[in-house]
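K.L.:
Next up is a structure, given as structure tokens.
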Amino acid sequence: MRYAGGVDSERLTFDGWIAAVGTGSGTRVVVGHWPRSPFGSFSDVMLERADGWRMLLAPTAETAEYVSSVYHFDEVRSVAVRVSVRDGVWDVAAGPLDLRFTVGRRSALGLALRVVPRSLARRPLWAAVSDVPSRLMAGVRTRGSSRPGCRQWYAAGDLLPIVTARARFDGNDLGPLAPVSPPVRFGFGSAPSAPALVRVVSTVERTGVSGIVGETG
């Protein structure tokens with residue numbers, strides 16, 4: 001990763017996991033867990049309430065500023081975000097949110113995605129090729145734009161169903177696990193309607209910006 005001033009564009013790659021769950025209260029939660037990113041290892045949470053209010057919970061002012069420049073939110077908070085994983089159980093603590101979910105056995109689609117070489121999955125061309133199948137099979141897009149001057153590509157490398165979840169926000173129980181419906185409205189893409197954990201390489205290209213350029217290897 002390198003820094004430069006007055007540059008015209010940047011392309012950054014984030015390698016990790018995205019988890020999406022719905023709840024009985026209508027709140028939908030999307031967790032990004034990025035062991036490899038231009039900002040180092042970090043996790044963030046995007047949350048949309050039943051009334052449509054969209055919130056970002058990010059661990060630093062830097063990550064909050066970047067993520068909110070790519071996606072759309074009504075509220076952005078910089079809070080400690082901690083993710084721990086053990087035996088298929090994920091625990092997420094992000095300011096007012098506490099979330100625990102359990103993943104089940106991967107489906108045939110998950111097994112097929114694991115065959116894709118990581119070197120290929122990191123290429124935007126692969127996301128472009130897989131866009132139509134992803135729409136047909138999972139109802140999600142793998143490439144598009146959330147804001148002017150910003151293009152994004154997602155390449156999935158694994159998929160596991162989320163079979164149980166328990167979430168609390170400001171101490172209030174958000175209800176039982178439910179479909180991620182209606183679709184979340186943070187950016188061009190959405191999450192599968194069935195709660196799932198997806199291994200993903202996300203590439204974001206922005207033009208007319210200055211700051212971080214290049215991508216992690």
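Letters for chains follow the order of the structure tokens (A, B, ...), residue numbers begin at 1 for each chain, and ligand numbers begin at 1 in the order shown.
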Can you tell me, as a PDB file with N, CA and C atoms, in the first residue's frame, what residues are no more than 9 Å from Val89 of chain A when counting only C-alpha atoms, ignoring any on the same chain fewer than 4 positions away?

P.N.:
ATOM      1  N   SER A  84     -15.061 -12.536  17.023  1.00  0.00           N
ATOM      2  CA  SER A  84     -14.361 -13.768  17.382  1.00  0.00           C
ATOM      3  C   SER A  84     -15.114 -14.951  16.783  1.00  0.00           C
ATOM      4  N   VAL A  85     -14.342 -15.955  16.366  1.00  0.00           N
ATOM      5  CA  VAL A  85     -14.912 -17.116  15.693  1.00  0.00           C
ATOM      6  C   VAL A  85     -14.377 -18.382  16.349  1.00  0.00           C
ATOM      7  N   ARG A 100     -24.598 -12.808  17.835  1.00  0.00           N
ATOM      8  CA  ARG A 100     -23.990 -14.147  17.783  1.00  0.00           C
ATOM      9  C   ARG A 100     -24.748 -14.958  16.740  1.00  0.00           C
ATOM     10  N   PHE A 101     -24.005 -15.585  15.845  1.00  0.00           N
ATOM     11  CA  PHE A 101     -24.660 -16.441  14.857  1.00  0.00           C
ATOM     12  C   PHE A 101     -23.840 -17.700  14.636  1.00  0.00           C
ATOM     13  N   THR A 102     -24.524 -18.732  14.153  1.00  0.00           N
ATOM     14  CA  THR A 102     -23.910 -20.030  13.902  1.00  0.00           C
ATOM     15  C   THR A 102     -24.098 -20.395  12.443  1.00  0.00           C
ATOM     16  N   VAL A 103     -23.031 -20.890  11.827  1.00  0.00           N
ATOM     17  CA  VAL A 103     -23.135 -21.307  10.428  1.00  0.00           C
ATOM     18  C   VAL A 103     -23.338 -22.815  10.347  1.00  0.00           C
TER      19      VAL A 103
END

K.L.:
Can you tell me which residues surround Met55 of chain A at a distance of at most 10 Å, considering only C-alpha atoms, apart from same-chain residues fewer than 4 positions away, and format the answer as a ChimeraX atom specification?

P.N.:
/A:29,45-49,68,72-77,186

K.L.:
Got time to write the residues from that selection, C-alpha atoms, as a compact mmCIF listing (two decimals), in the first residue's frame?

P.N.:
# COMPACT_ATOMS: atom_id res chain seq x y z
CA VAL A 29 -27.39 -6.63 9.88
CA VAL A 45 -21.15 -3.43 10.73
CA MET A 46 -23.86 -2.03 8.47
CA LEU A 47 -27.34 -2.05 9.97
CA GLU A 48 -30.72 -1.08 8.54
CA ARG A 49 -33.78 -0.79 10.79
CA SER A 68 -19.21 5.95 4.30
CA HIS A 72 -24.90 5.22 1.90
CA PHE A 73 -25.82 5.72 5.57
CA ASP A 74 -28.04 7.97 7.63
CA GLU A 75 -25.79 7.68 10.68
CA VAL A 76 -22.11 6.82 11.13
CA ARG A 77 -20.55 5.87 14.46
CA PHE A 186 -26.33 0.55 1.49

K.L.:
Would you list the contacts of Leu99 of chain A as a list in words, taking every protein, DNA or RNA residue within 6 Å and counting only C-alpha atoms, but skipping same-chain residues closer than 4 positions in sequence?

P.N.:
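Using only C-alpha atoms, the neighbours found are Asp91, Val92, Arg166 and Ala167 of chain A.
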
K.L.:
Emit the selected residues as a tab-separated table (two decimals), in the first residue's frame, including C-alpha atoms.

P.N.:
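Output (again_29.tsv):
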chain	number	residue	atom	x	y	z
A	91	ASP	CA	-19.55	-13.37	18.12
A	92	VAL	CA	-19.73	-9.72	17.05
A	166	ARG	CA	-29.27	-13.78	18.40
A	167	ALA	CA	-28.95	-10.01	18.23

K.L.:
With only C-alpha atoms as the atoms that count, which of A:Asp170, A:Val83, A:Ala50, A:Leu97 lies nearest to Ser25 of chain A?

P.N.:
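Residue with the minimum atom-to-atom distance to Ser25 of chain A: A:Ala50.
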
K.L.:
Using only C-alpha atoms, which of A:Arg11, A:Arg147, A:Arg28, A:Arg105 sits nearest Ala178 of chain A?

P.N.:
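Residue with the minimum atom-to-atom distance to Ala178 of chain A: A:Arg28.
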
K.L.:
What does the distance between atom CA of Gly22 of chain A and atom CA of Gly175 of chain A come to in Å, to one decimal place?

P.N.:
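Between these atoms lies a distance of 9.2 Å.
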
K.L.:
Looking at only C-alpha atoms, which of A:Ala58, A:Val79, A:Val163, A:Leu197 is the one that sits closest to Pro176 of chain A?

P.N.:
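Checking each of A:Ala58, A:Val79, A:Val163, A:Leu197 against Pro176 of chain A, counting only C-alpha atoms, the winner is A:Val163.
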
K.L.:
Given the choices A:Pro35, A:Val21, A:Gly52, A:Phe14, which gets closest to Pro192 of chain A if the distance is worked out from only C-alpha atoms?

P.N.:
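Closest residue, counting only C-alpha atoms: A:Val21.
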
K.L.:
Taking only C-alpha atoms into account, name the residue in A:Pro183, A:Gly24, A:Gly40, A:Pro96 that is nearest to Leu56 of chain A.

P.N.:
A:Pro96

K.L.:
Can you tell me, as a ChimeraX atom specification, what residues are no more than 9 Å from Leu160 of chain A when counting only C-alpha atoms, ignoring any on the same chain fewer than 2 positions away?

P.N.:
/A:103-107,110,158,162,195-199

K.L.:
Any chance you could export the current selection's N, CA and C atoms as a PDB file, in the first residue's frame?

P.N.:
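Contents of result16.pdb, as written:
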ATOM      1  N   VAL A 103     -23.031 -20.890  11.827  1.00  0.00           N
ATOM      2  CA  VAL A 103     -23.135 -21.307  10.428  1.00  0.00           C
ATOM      3  C   VAL A 103     -23.338 -22.815  10.347  1.00  0.00           C
ATOM      4  N   GLY A 104     -24.040 -23.234   9.269  1.00  0.00           N
ATOM      5  CA  GLY A 104     -24.277 -24.649   9.033  1.00  0.00           C
ATOM      6  C   GLY A 104     -23.347 -25.195   7.963  1.00  0.00           C
ATOM      7  N   ARG A 105     -23.675 -26.361   7.454  1.00  0.00           N
ATOM      8  CA  ARG A 105     -22.856 -27.004   6.429  1.00  0.00           C
ATOM      9  C   ARG A 105     -23.052 -26.300   5.100  1.00  0.00           C
ATOM     10  N   ARG A 106     -21.948 -26.140   4.360  1.00  0.00           N
ATOM     11  CA  ARG A 106     -22.036 -25.450   3.077  1.00  0.00           C
ATOM     12  C   ARG A 106     -22.818 -26.270   2.065  1.00  0.00           C
ATOM     13  N   SER A 107     -23.507 -25.557   1.196  1.00  0.00           N
ATOM     14  CA  SER A 107     -24.314 -26.177   0.155  1.00  0.00           C
ATOM     15  C   SER A 107     -23.447 -26.521  -1.047  1.00  0.00           C
ATOM     16  N   GLY A 110     -21.717 -23.448  -2.246  1.00  0.00           N
ATOM     17  CA  GLY A 110     -20.531 -23.138  -1.461  1.00  0.00           C
ATOM     18  C   GLY A 110     -19.354 -24.006  -1.839  1.00  0.00           C
ATOM     19  N   ASP A 158     -16.676 -18.727  -1.097  1.00  0.00           N
ATOM     20  CA  ASP A 158     -17.290 -19.726  -0.229  1.00  0.00           C
ATOM     21  C   ASP A 158     -18.635 -19.171   0.227  1.00  0.00           C
ATOM     22  N   ILE A 162     -26.353 -19.351   7.481  1.00  0.00           N
ATOM     23  CA  ILE A 162     -26.441 -18.994   8.896  1.00  0.00           C
ATOM     24  C   ILE A 162     -27.724 -19.617   9.430  1.00  0.00           C
ATOM     25  N   PRO A 195     -30.189 -15.798   5.159  1.00  0.00           N
ATOM     26  CA  PRO A 195     -29.014 -15.431   5.954  1.00  0.00           C
ATOM     27  C   PRO A 195     -27.811 -16.302   5.598  1.00  0.00           C
ATOM     28  N   ALA A 196     -26.664 -15.672   5.370  1.00  0.00           N
ATOM     29  CA  ALA A 196     -25.508 -16.425   4.893  1.00  0.00           C
ATOM     30  C   ALA A 196     -24.216 -15.727   5.269  1.00  0.00           C
ATOM     31  N   LEU A 197     -23.150 -16.511   5.291  1.00  0.00           N
ATOM     32  CA  LEU A 197     -21.785 -16.027   5.473  1.00  0.00           C
ATOM     33  C   LEU A 197     -21.032 -16.313   4.181  1.00  0.00           C
ATOM     34  N   VAL A 198     -20.439 -15.276   3.598  1.00  0.00           N
ATOM     35  CA  VAL A 198     -19.809 -15.398   2.292  1.00  0.00           C
ATOM     36  C   VAL A 198     -18.335 -15.009   2.392  1.00  0.00           C
ATOM     37  N   ARG A 199     -17.471 -15.866   1.893  1.00  0.00           N
ATOM     38  CA  ARG A 199     -16.047 -15.538   1.734  1.00  0.00           C
ATOM     39  C   ARG A 199     -15.938 -14.696   0.479  1.00  0.00           C
TER      40      ARG A 199
END

K.L.:
Pick out the residues sitting within 12 Å of Ser69 of chain A, and hand them over as a list in words; count only C-alpha atoms, and ignore anything fewer than 4 positions along from it in its own chain.

P.N.:
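With the cut-off at 12 Å, the set is Leu56, Glu62, Thr63, Ala64, Glu65, Phe73, Val76, Ser146, Arg147, Pro148, Gly149, Cys150, Phe186, Gly187, Val204, Glu205, Arg206 and Val209 of chain A.
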